[in-house]
Structure formats: structure tokens, C-alpha cells
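Peer 1: Contents of start_32.txt (compact mmCIF, C-alpha atoms) are given next:
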```txt
# COMPACT_ATOMS: atom_id res chain seq x y z
CA MET A 795 -27.96 -14.96 42.54
CA ALA A 796 -29.49 -17.47 40.21
CA ALA A 797 -31.37 -20.38 41.65
CA PHE A 798 -29.30 -23.47 42.17
CA VAL A 799 -30.14 -27.12 42.57
CA ILE A 800 -28.70 -29.60 45.02
CA LYS A 801 -29.02 -33.32 44.37
CA SER A 802 -28.81 -35.34 47.59
CA LEU A 803 -28.10 -39.02 47.98
CA VAL A 804 -30.64 -41.00 49.96
CA SER A 805 -28.94 -43.29 52.43
CA GLN A 806 -31.11 -46.37 51.94
CA ILE A 807 -29.82 -48.94 49.48
CA THR A 808 -32.20 -51.85 49.05
CA ALA A 809 -30.65 -55.29 49.30
CA LYS A 810 -31.53 -56.78 45.92
CA HIS A 811 -29.48 -59.12 43.80
CA SER A 812 -27.55 -57.25 41.13
CA PRO A 813 -25.37 -58.23 38.17
CA SER A 814 -21.63 -58.68 38.55
CA ASP A 815 -19.63 -55.53 39.16
CA HIS A 816 -17.53 -56.28 36.10
CA THR A 817 -20.25 -54.57 34.08
CA SER A 818 -20.30 -50.82 33.70
CA SER A 819 -23.56 -50.27 35.60
CA ARG A 820 -23.39 -48.47 38.93
CA ILE A 821 -25.06 -49.24 42.23
CA GLU A 822 -28.62 -47.97 42.37
CA ILE A 823 -28.94 -45.04 44.75
CA LYS A 824 -32.20 -43.14 44.72
CA SER A 825 -31.78 -39.38 44.64
CA ALA A 826 -33.96 -36.54 45.77
CA LEU A 827 -34.01 -33.17 44.04
CA ILE A 828 -34.03 -30.09 46.23
CA SER A 829 -34.42 -26.68 44.62
CA VAL A 830 -33.35 -23.66 46.63
CA LYS A 831 -33.73 -20.11 45.40
CA ARG A 832 -31.17 -17.68 46.66
CA ARG A 833 -30.87 -13.91 46.27
CA CYS A 834 -27.93 -11.72 47.10
CA GLY A 835 -27.78 -11.09 50.82
CA SER A 836 -30.62 -13.45 51.65
CA LYS A 837 -30.44 -16.60 53.75
CA ILE A 838 -31.62 -20.06 52.87
CA PRO A 839 -34.59 -20.86 55.11
CA VAL A 840 -33.91 -23.79 57.39
CA LEU A 841 -37.23 -24.16 59.16
CA ALA A 842 -40.33 -26.08 58.19
CA ALA A 843 -43.31 -23.82 57.56
CA SER A 844 -45.25 -25.42 60.41
CA ILE A 845 -42.74 -24.27 63.02
CA HIS A 846 -43.25 -20.74 64.40
CA SER A 847 -40.39 -18.57 65.61
CA GLU A 848 -42.26 -17.22 68.65
CA ASN A 849 -41.81 -20.59 70.35
CA ASP A 850 -38.07 -19.90 70.49
CA GLN A 851 -38.56 -18.38 73.95
CA SER A 852 -38.65 -21.87 75.47
CA ILE A 853 -35.14 -22.80 74.43
CA GLU A 854 -33.79 -19.35 75.28
CA ALA A 855 -35.22 -19.64 78.79
CA GLN A 856 -33.68 -23.06 79.15
CA LYS A 857 -30.27 -21.81 78.02
CA LYS A 858 -30.34 -19.02 80.62
CA LYS A 859 -30.64 -21.72 83.26
CA ASN A 860 -27.63 -23.52 81.75
CA GLY A 861 -29.90 -26.52 81.45
CA PRO A 862 -29.84 -29.02 78.60
CA LEU A 863 -32.60 -29.39 76.06
CA SER A 864 -34.97 -32.21 77.01
CA SER A 865 -37.69 -34.03 75.11
CA THR A 866 -40.23 -31.73 76.79
CA HIS A 867 -38.66 -28.67 75.21
CA LEU A 868 -38.48 -30.17 71.72
CA SER A 869 -42.11 -29.42 70.96
CA ASN A 870 -41.81 -25.83 72.16
CA SER A 871 -38.50 -24.65 70.69
CA VAL A 872 -37.22 -23.85 67.23
CA SER A 873 -34.16 -22.52 65.45
CA SER A 874 -33.98 -18.75 65.13
CA GLY A 875 -32.11 -19.06 61.84
CA SER A 876 -29.60 -16.38 62.89
CA ARG A 877 -26.66 -18.81 62.80
CA LEU A 878 -26.07 -22.52 62.63
CA ARG A 879 -27.55 -24.26 65.66
CA VAL A 880 -25.72 -27.44 66.69
CA ALA A 881 -26.98 -29.96 69.25
CA TYR A 882 -24.72 -31.88 71.61
CA GLN A 883 -25.30 -34.16 74.59
CA GLY A 884 -24.53 -32.81 78.04
CA VAL A 885 -24.44 -29.42 79.73
CA ARG A 886 -22.26 -26.39 79.08
CA GLY A 887 -18.59 -27.20 79.42
CA ALA A 888 -18.93 -30.74 78.06
CA TYR A 889 -16.28 -32.04 75.67
CA SER A 890 -19.09 -32.47 73.15
CA GLU A 891 -19.72 -28.73 73.26
CA SER A 892 -16.05 -28.10 72.47
CA ALA A 893 -16.24 -30.59 69.60
CA ALA A 894 -19.31 -28.80 68.22
CA GLN A 895 -17.50 -25.48 68.39
CA LYS A 896 -14.47 -27.01 66.71
CA ALA A 897 -16.65 -28.32 63.87
CA TYR A 898 -18.57 -25.02 63.55
CA PRO A 899 -16.63 -22.18 65.26
CA ASN A 900 -19.46 -19.64 64.95
CA CYS A 901 -22.30 -21.98 65.84
CA GLU A 902 -24.88 -21.73 68.57
CA ALA A 903 -24.27 -24.89 70.62
CA VAL A 904 -27.48 -26.33 72.07
CA PRO A 905 -27.16 -28.77 75.02
CA CYS A 906 -29.41 -31.85 75.12
CA GLU A 907 -30.08 -34.15 78.05
CA GLN A 908 -29.76 -37.40 76.09
CA PHE A 909 -28.33 -38.62 72.79
CA ASP A 910 -31.88 -39.43 71.65
CA THR A 911 -32.90 -35.81 72.18
CA ALA A 912 -30.08 -34.56 69.96
CA PHE A 913 -31.16 -36.89 67.14
CA GLU A 914 -34.80 -35.82 67.50
CA SER A 915 -33.95 -32.11 67.58
CA VAL A 916 -32.29 -32.37 64.15
CA GLU A 917 -35.12 -34.43 62.69
CA ARG A 918 -37.72 -31.93 63.90
CA TRP A 919 -35.85 -28.87 62.52
CA LEU A 920 -35.11 -27.50 66.01
CA VAL A 921 -31.39 -27.46 65.25
CA ASP A 922 -29.38 -27.68 62.05
CA ARG A 923 -26.76 -30.26 63.06
CA ALA A 924 -25.84 -32.63 65.87
CA VAL A 925 -22.28 -33.44 66.94
CA LEU A 926 -22.19 -36.71 68.89
CA PRO A 927 -19.38 -39.02 70.04
CA ILE A 928 -19.03 -42.39 68.34
CA GLU A 929 -15.71 -43.74 69.62
CA ASN A 930 -12.82 -42.98 71.94
CA SER A 931 -9.23 -44.12 71.49
CA LEU A 932 -9.16 -45.49 75.07
CA GLY A 933 -12.76 -46.33 75.93
CA GLY A 934 -13.82 -47.73 72.55
CA SER A 935 -17.20 -47.37 70.85
CA ILE A 936 -20.26 -45.53 72.13
CA HIS A 937 -22.75 -48.28 71.39
CA ARG A 938 -25.81 -46.19 72.12
CA ASN A 939 -25.10 -43.89 69.21
CA TYR A 940 -24.52 -46.79 66.82
CA ASP A 941 -28.01 -48.03 67.68
CA LEU A 942 -29.51 -44.55 67.24
CA LEU A 943 -27.90 -44.15 63.81
CA LEU A 944 -30.00 -47.06 62.61
CA ARG A 945 -33.17 -46.00 64.42
CA HIS A 946 -33.17 -42.47 63.01
CA ARG A 947 -32.95 -41.24 59.42
CA LEU A 948 -30.15 -38.70 59.78
CA HIS A 949 -27.06 -38.63 57.58
CA ILE A 950 -23.39 -38.42 58.57
CA VAL A 951 -22.01 -35.30 56.86
CA GLY A 952 -18.68 -35.02 58.64
CA GLU A 953 -16.49 -36.03 61.55
CA VAL A 954 -14.36 -34.20 64.06
CA LYS A 955 -11.61 -35.59 66.30
CA TYR A 956 -11.09 -33.94 69.65
CA ALA A 957 -8.15 -34.48 72.00
CA VAL A 958 -9.52 -34.98 75.52
CA ARG A 959 -7.54 -33.40 78.36
CA HIS A 960 -8.97 -34.21 81.79
CA CYS A 961 -8.54 -31.92 84.79
CA LEU A 962 -9.19 -32.47 88.49
CA LEU A 963 -11.52 -29.68 89.61
CA ALA A 964 -12.71 -28.52 93.03
CA ASN A 965 -14.17 -25.45 94.68
CA HIS A 966 -11.81 -22.61 95.54
CA GLY A 967 -10.07 -23.14 98.85
CA VAL A 968 -10.26 -26.94 98.57
CA LYS A 969 -6.92 -28.75 98.35
CA VAL A 970 -6.18 -32.17 96.89
CA GLU A 971 -5.67 -33.64 100.35
CA ASP A 972 -9.18 -32.45 101.33
CA LEU A 973 -10.84 -34.61 98.69
CA LYS A 974 -12.40 -37.96 99.56
CA ARG A 975 -14.32 -38.70 96.37
CA VAL A 976 -14.49 -37.60 92.74
CA LEU A 977 -17.41 -37.42 90.30
CA SER A 978 -17.36 -37.83 86.53
CA HIS A 979 -18.55 -39.84 83.56
CA PRO A 980 -17.61 -43.55 83.82
CA GLN A 981 -15.26 -43.37 80.83
CA ALA A 982 -13.51 -40.29 82.22
CA LEU A 983 -13.00 -42.04 85.55
CA ALA A 984 -11.61 -45.10 83.78
CA GLN A 985 -9.26 -42.95 81.70
CA CYS A 986 -7.81 -41.38 84.89
CA GLU A 987 -7.69 -44.59 86.94
CA ASN A 988 -3.98 -44.48 87.80
CA THR A 989 -4.04 -40.87 88.98
CA LEU A 990 -7.22 -41.27 91.01
CA THR A 991 -5.93 -44.49 92.61
CA LYS A 992 -2.72 -42.76 93.73
CA LEU A 993 -4.80 -40.00 95.30
CA GLY A 994 -6.96 -42.58 97.09
CA LEU A 995 -10.22 -41.06 95.86
CA VAL A 996 -13.54 -42.91 95.80
CA ARG A 997 -14.97 -42.72 92.27
CA GLU A 998 -18.66 -42.03 91.66
CA ALA A 999 -20.11 -42.14 88.15
CA VAL A 1000 -22.52 -39.51 86.83
CA ASP A 1001 -24.03 -38.78 83.41
CA ASP A 1002 -21.31 -36.48 82.07
CA THR A 1003 -18.11 -34.67 82.99
CA ALA A 1004 -19.47 -31.12 82.86
CA GLY A 1005 -22.51 -32.21 84.86
CA ALA A 1006 -20.16 -33.42 87.58
CA ALA A 1007 -18.39 -30.06 87.65
CA LYS A 1008 -21.72 -28.23 87.79
CA HIS A 1009 -22.92 -30.38 90.71
CA VAL A 1010 -19.73 -29.82 92.74
CA ALA A 1011 -20.00 -26.06 92.18
CA LEU A 1012 -23.73 -25.69 92.90
CA GLN A 1013 -23.59 -27.85 96.03
CA LYS A 1014 -20.39 -26.10 97.20
CA LEU A 1015 -18.89 -29.49 98.08
CA GLU A 1016 -15.64 -29.36 100.02
CA ASP A 1017 -14.71 -33.05 100.05
CA THR A 1018 -15.62 -33.83 96.45
CA GLY A 1019 -13.91 -33.03 93.18
CA ALA A 1020 -14.79 -33.56 89.53
CA VAL A 1021 -12.94 -34.83 86.48
CA ALA A 1022 -13.85 -32.49 83.64
CA SER A 1023 -12.46 -29.99 81.15
CA SER A 1024 -10.76 -26.68 81.82
CA ALA A 1025 -13.72 -25.05 80.06
CA ALA A 1026 -16.06 -26.53 82.68
CA ALA A 1027 -13.83 -25.08 85.41
CA SER A 1028 -14.14 -21.63 83.87
CA ILE A 1029 -17.92 -21.86 83.36
CA TYR A 1030 -18.73 -23.11 86.87
CA GLY A 1031 -16.09 -21.16 88.77
CA LEU A 1032 -14.01 -24.13 89.94
CA ASN A 1033 -10.30 -24.33 90.65
CA ILE A 1034 -8.06 -26.63 88.59
CA LEU A 1035 -6.07 -28.75 91.03
CA ALA A 1036 -4.35 -30.84 88.36
CA GLU A 1037 -4.22 -30.87 84.57
CA ASP A 1038 -3.79 -33.72 82.09
CA ILE A 1039 -4.56 -36.42 84.64
CA GLN A 1040 -5.54 -39.00 82.00
CA ASP A 1041 -3.43 -42.16 82.03
CA ASP A 1042 -2.73 -41.98 78.30
CA SER A 1043 -1.91 -38.70 76.58
CA ASP A 1044 -3.28 -40.05 73.28
CA ASN A 1045 -6.88 -39.70 74.40
CA VAL A 1046 -8.95 -38.74 71.37
CA THR A 1047 -12.71 -38.87 70.84
CA ARG A 1048 -14.17 -39.06 67.36
CA PHE A 1049 -17.48 -37.25 66.86
CA LEU A 1050 -19.94 -37.58 64.00
CA ILE A 1051 -21.69 -34.59 62.46
CA LEU A 1052 -25.30 -35.42 61.63
CA ALA A 1053 -27.76 -33.58 59.38
CA ARG A 1054 -31.17 -34.08 57.79
CA GLU A 1055 -29.74 -34.23 54.26
CA PRO A 1056 -26.55 -35.92 53.04
CA ILE A 1057 -23.77 -34.01 51.36
CA ILE A 1058 -22.75 -34.70 47.79
CA PRO A 1059 -19.58 -36.84 47.98
CA GLY A 1060 -16.57 -35.72 45.98
CA THR A 1061 -13.16 -36.96 44.92
CA ASP A 1062 -11.22 -33.72 45.41
CA ARG A 1063 -10.06 -34.72 48.91
CA PRO A 1064 -9.98 -37.83 51.13
CA PHE A 1065 -13.46 -39.14 51.95
CA LYS A 1066 -14.75 -41.75 54.34
CA THR A 1067 -17.98 -43.73 53.95
CA SER A 1068 -19.97 -45.35 56.77
CA ILE A 1069 -22.36 -48.25 56.12
CA VAL A 1070 -24.39 -50.79 58.10
CA PHE A 1071 -25.41 -54.22 56.82
CA SER A 1072 -26.59 -57.65 57.94
CA LEU A 1073 -25.80 -61.12 56.59
CA GLU A 1074 -27.23 -64.59 56.49
CA GLU A 1075 -25.67 -67.09 58.89
CA GLY A 1076 -23.09 -69.39 57.32
CA PRO A 1077 -19.40 -70.28 57.14
CA GLY A 1078 -17.23 -67.55 55.69
CA VAL A 1079 -20.08 -65.10 55.07
CA LEU A 1080 -18.43 -62.22 56.97
CA PHE A 1081 -15.14 -63.02 55.23
CA LYS A 1082 -16.88 -62.70 51.87
CA ALA A 1083 -18.46 -59.40 52.92
CA LEU A 1084 -15.13 -57.87 53.92
CA ALA A 1085 -13.41 -59.32 50.84
CA VAL A 1086 -15.42 -57.03 48.56
CA PHE A 1087 -13.31 -54.16 49.94
CA ALA A 1088 -9.98 -56.02 50.04
CA LEU A 1089 -10.35 -57.07 46.40
CA ARG A 1090 -10.56 -53.41 45.42
CA GLN A 1091 -7.78 -52.16 47.74
CA ILE A 1092 -10.28 -50.21 49.87
CA ASN A 1093 -9.03 -49.71 53.43
CA LEU A 1094 -11.40 -50.36 56.34
CA THR A 1095 -10.91 -48.03 59.31
CA LYS A 1096 -13.55 -49.49 61.63
CA ILE A 1097 -15.86 -52.46 62.01
CA GLU A 1098 -18.41 -52.77 64.81
CA SER A 1099 -21.05 -55.43 65.40
CA ARG A 1100 -24.33 -54.82 67.21
CA PRO A 1101 -27.17 -57.28 67.95
CA LEU A 1102 -30.15 -57.16 65.62
CA ARG A 1103 -32.69 -56.16 68.26
CA LYS A 1104 -35.90 -57.28 66.60
CA GLN A 1105 -34.46 -60.71 65.83
CA PRO A 1106 -31.68 -61.39 68.34
CA LEU A 1107 -31.77 -65.20 68.02
CA ARG A 1108 -31.90 -67.46 64.97
CA ALA A 1109 -33.39 -70.95 65.22
CA SER A 1110 -31.03 -73.86 64.60
CA ASP A 1111 -31.25 -75.53 61.20
CA ASP A 1112 -29.65 -78.80 62.26
CA GLY A 1113 -32.88 -80.42 63.48
CA ASN A 1114 -32.01 -79.91 67.14
CA SER A 1115 -35.63 -79.25 68.20
CA GLY A 1116 -35.46 -75.80 66.66
CA LEU A 1117 -33.62 -74.43 69.69
CA PRO A 1118 -32.11 -70.93 69.30
CA LYS A 1119 -28.51 -71.23 68.20
CA TYR A 1120 -27.29 -68.11 66.46
CA PHE A 1121 -27.33 -64.41 67.30
CA ASP A 1122 -28.14 -62.10 64.41
CA TYR A 1123 -25.88 -59.07 64.09
CA LEU A 1124 -25.64 -55.78 62.25
CA PHE A 1125 -22.18 -54.77 61.06
CA TYR A 1126 -21.14 -51.13 60.98
CA VAL A 1127 -18.16 -50.46 58.72
CA ASP A 1128 -16.17 -47.31 57.89
CA PHE A 1129 -13.96 -47.37 54.80
CA GLU A 1130 -11.67 -44.87 53.11
CA ALA A 1131 -13.40 -44.04 49.85
CA SER A 1132 -15.99 -41.66 48.49
CA MET A 1133 -19.32 -42.82 47.15
CA ALA A 1134 -18.43 -40.73 44.11
CA ASP A 1135 -15.67 -43.27 43.42
CA GLU A 1136 -16.76 -46.05 41.05
CA ASN A 1137 -14.57 -48.48 42.97
CA ALA A 1138 -16.63 -47.90 46.12
CA GLN A 1139 -19.84 -48.17 44.13
CA ASN A 1140 -18.75 -51.54 42.77
CA ALA A 1141 -17.79 -52.77 46.26
CA LEU A 1142 -21.24 -52.01 47.64
CA ARG A 1143 -22.94 -53.46 44.59
CA HIS A 1144 -20.95 -56.66 45.19
CA LEU A 1145 -21.83 -56.64 48.91
CA LYS A 1146 -25.49 -56.15 48.06
CA GLU A 1147 -25.52 -59.52 46.27
CA PHE A 1148 -25.45 -61.43 49.58
CA ALA A 1149 -26.31 -58.85 52.25
CA THR A 1150 -29.81 -59.14 53.69
CA PHE A 1151 -29.77 -55.42 54.52
CA LEU A 1152 -27.51 -52.56 53.46
CA ARG A 1153 -27.66 -48.86 54.22
CA VAL A 1154 -25.20 -46.03 53.58
CA LEU A 1155 -25.08 -43.81 56.66
CA GLY A 1156 -22.97 -41.14 55.00
CA SER A 1157 -20.02 -40.32 52.76
CA TYR A 1158 -18.06 -37.38 54.12
CA PRO A 1159 -14.62 -35.70 54.23
CA VAL A 1160 -11.97 -37.24 56.49
CA HIS A 1161 -11.00 -35.08 59.47
CA THR A 1162 -7.26 -35.15 60.13
CA SER A 1163 -6.42 -32.42 62.66
CA MET A 1164 -6.63 -33.02 66.42
CA VAL A 1165 -6.63 -30.17 68.95
```
Give the structure from this file in C-alpha cells form.

Peer 2:
Amino acid sequence: MAAFVIKSLVSQITAKHSPSDHTSSRIEIKSALISVKRRCGSKIPVLAASIHSENDQSIEAQKKKNGPLSSTHLSNSVSSGSRLRVAYQGVRGAYSESAAQKAYPNCEAVPCEQFDTAFESVERWLVDRAVLPIENSLGGSIHRNYDLLLRHRLHIVGEVKYAVRHCLLANHGVKVEDLKRVLSHPQALAQCENTLTKLGLVREAVDDTAGAAKHVALQKLEDTGAVASSAAASIYGLNILAEDIQDDSDNVTRFLILAREPIIPGTDRPFKTSIVFSLEEGPGVLFKALAVFALRQINLTKIESRPLRKQPLRASDDGNSGLPKYFDYLFYVDFEASMADENAQNALRHLKEFATFLRVLGSYPVHTSMV
């Protein structure tokens, strides 16, 4: 097959003053040119030349132990290139693993101990993608991942929505009335509060749902259950005492798909764009920022504010001894438009006129199905 060229959008947009968007010029987005030569039957190489395949034994050994990938293993493990390798946070049986398999049905799902590790594994070419939660319909935003999006240079290339169905798990032979406490992730425990209260169970928080199931199984606990998925029950040999114990049946988690390179946005189907920006302090400044979308009939689907960590406080300008008065914030916004759409380009060019910082995190297809 003839060589083909992919042009990728770089996510950084510098916050410079620009002319009015009534002109025909478009927002300045630097582009990188990537040439990939492909022959019939051959695969596109996904590994940096400095990474050697013999180190893959480290990650394979870790997987046999059902253990997650940690920062220690990052320097000793690589992608085999046989199929798409997708990182997720947690251990086998986690909802994140199911989301990764929903996004890429034939992928090799790679567990990671922490969210940071998943980001790093993509950046260092150890995996091809990461699928990480960003918000839940009941528990709200996962703030840690918003902060990591800014800290790392990965691009959002897709999203997947996964319907969470919690189960009460225990070892075989253990009945509901035998249980005194239950382990799970804090959000999972909160989402099943009514059911667990009726059962009179003491709730203990752990790092993740599947980890709770694994602990109950390995320790052969007879007075302790776990709130986790049916997949975790199957993997760790636990009995499902009750299904769908969440208080609200509309329990959906939205996951982001992250990659080293952005995808080329299109207009052939619905797209969503995610950005982050900061503003000067002043009356009506946030209103003006959001108005650039309203004026162009662009729908916002999410807005999240996070403290600007390196400059959390702004000194007062009213002569009050220079005492700290304002908190500086970053604003994360999702809107329904593709960066290939001139209307979206104009909106960001308008926003850039008064934003002190602006970065496009990704422009990607909207995910509509929920299973």
C-alpha cells in the first residue's frame, strides 16, 4: 500500500490576542506531520526504537500474578505490538477494565495501580491507549484525572459511557445474614448507601471495587463482603448475594480514551471538544468566556473548575495591605462541536482574546450507547 500521511493537531493553543472572529482567518493551531509507510500485511510500528521487546517479560510476569502495573514496572515493560494494549486503573475485574474492553473489544487490558501510572505508561510507549474515568452520573467528577490531564501531554481521542451495576459479593457458603462489614471504593459504597444501611453493614473504603473483591477472596473472609461487578465475582470465585444494589439505576460512568497523538476531527458525525482555560479576575469575565459559545449556538455539556495549583491565591488590588483575596481557577469545558467546524474555531479564537491560558485537550466523536 502506498505511504500515507497523517496530520495531527497539537493541543496547545497559545493565548495571544487575535483579530475579531468576523474576519475569515482561522484560529492558529500548530500541526505536526507524521509520515507512516505501510505495506500490505504489515503493521504500523508503535514502539520507540529505544524500547526493547525482551523487557516485556516484566509485565507478563506481573499479569500472571493478577497484579496491577506500578511505576516500578514502567521502566521494565513494553508493548509487544501484537494487539492494542490499553491501560486502566485498578485490578482485573474493575469497571475500568470493562470500559476498556467496551472501547476496544480485542484489546489487551493492562491494569495500573494508580491513575498517574496509566498516564505515564501511554507517554512512555508501554501501552497504546488509556481508558480512565472522568465523571459519574451519581458521584460527579473524578478531580484527580482533571488535574492529570493538565499535567501530562496526552490527547483525548474518544469517550465511552459504561452503565455501572453493583453486586454484593461474598465467599461461597457465606449468607447475607453472616456479613458484618462490606468493602469497596468510596463512591461505590455511597452509590449503594440505602441497600447497605438496610442490611446494617459497616462500610470500609478501599482503593477500588475489584480490589475489594480480590481481598475478600484471598483472605477467605466469612464476615465480610464486597461491592463490585459480576465480572469480579467470576474472576475471584465469589458468590453473588445480590445484584443491582445501587440506589439509582441510572448509574453511568464516563471514561476518556487517551493517546499520544490526537485524532483528526471531522464533521461526518457528532463530535465533542474538551478544553481548559484560565481567566483574569474581574466582574463578568466568566460570563464573557461562556458567551463565546452561546453567541454561536454551541452547546456546553460540562464545565468544571479546579484550583490553579502554582498560583492558588491572588493578591488584592484594593489597597488592603496586599492580603490574598482571590483564588485562581482553571476551567475545564466540554462542548458539542468539532474543531473541524469553523464555528468552533471562531469561538476559541474569540475566547483566546481574553483568556490567560487556553489548551485544547481533544476533539473526538461523541459516544452515545450505554451498556

Peer 1: Determine, counting all atoms listed in the file, which protein, DNA and RNA residues have an atom within 6 Å of an atom of Leu963 of chain A; residues of the same chain fewer than 4 positions away are not included. Present the result as a ChimeraX atom specification.

Peer 2: /A:1019-1020,1033-1035

Peer 1: Considering only C-alpha atoms, can you say which of A:Cys906, A:Val976, A:Ala1131, A:Ala1088 comes closest to Val996 of chain A?

Peer 2: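 The closest residue to Val996 of chain A is A:Val976.
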
Peer 1: Could you tell me how far atom CA of Pro927 of chain A sits from atom CA of Phe1071 of chain A, in Å to one decimal place?

Peer 2: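 Separation of atom CA of Phe1071 of chain A and atom CA of Pro927 of chain A: 21.0 Å.
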
Peer 1: Determine the nearest neighbour of Glu1147 of chain A from the options A:Ala1027, A:Ala924, A:Val951, A:Val1086, counting all atoms listed in the file.

Peer 2: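 Closest candidate: A:Val1086.
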
Peer 1: Which residue gives the smallest distance to Ala912 of chain A among A:Ser1072, A:Leu932, A:Arg879, A:Lys896, with only C-alpha atoms counted?

Peer 2: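 When distances to Ala912 of chain A are compared using only C-alpha atoms, the smallest one comes from A:Arg879.
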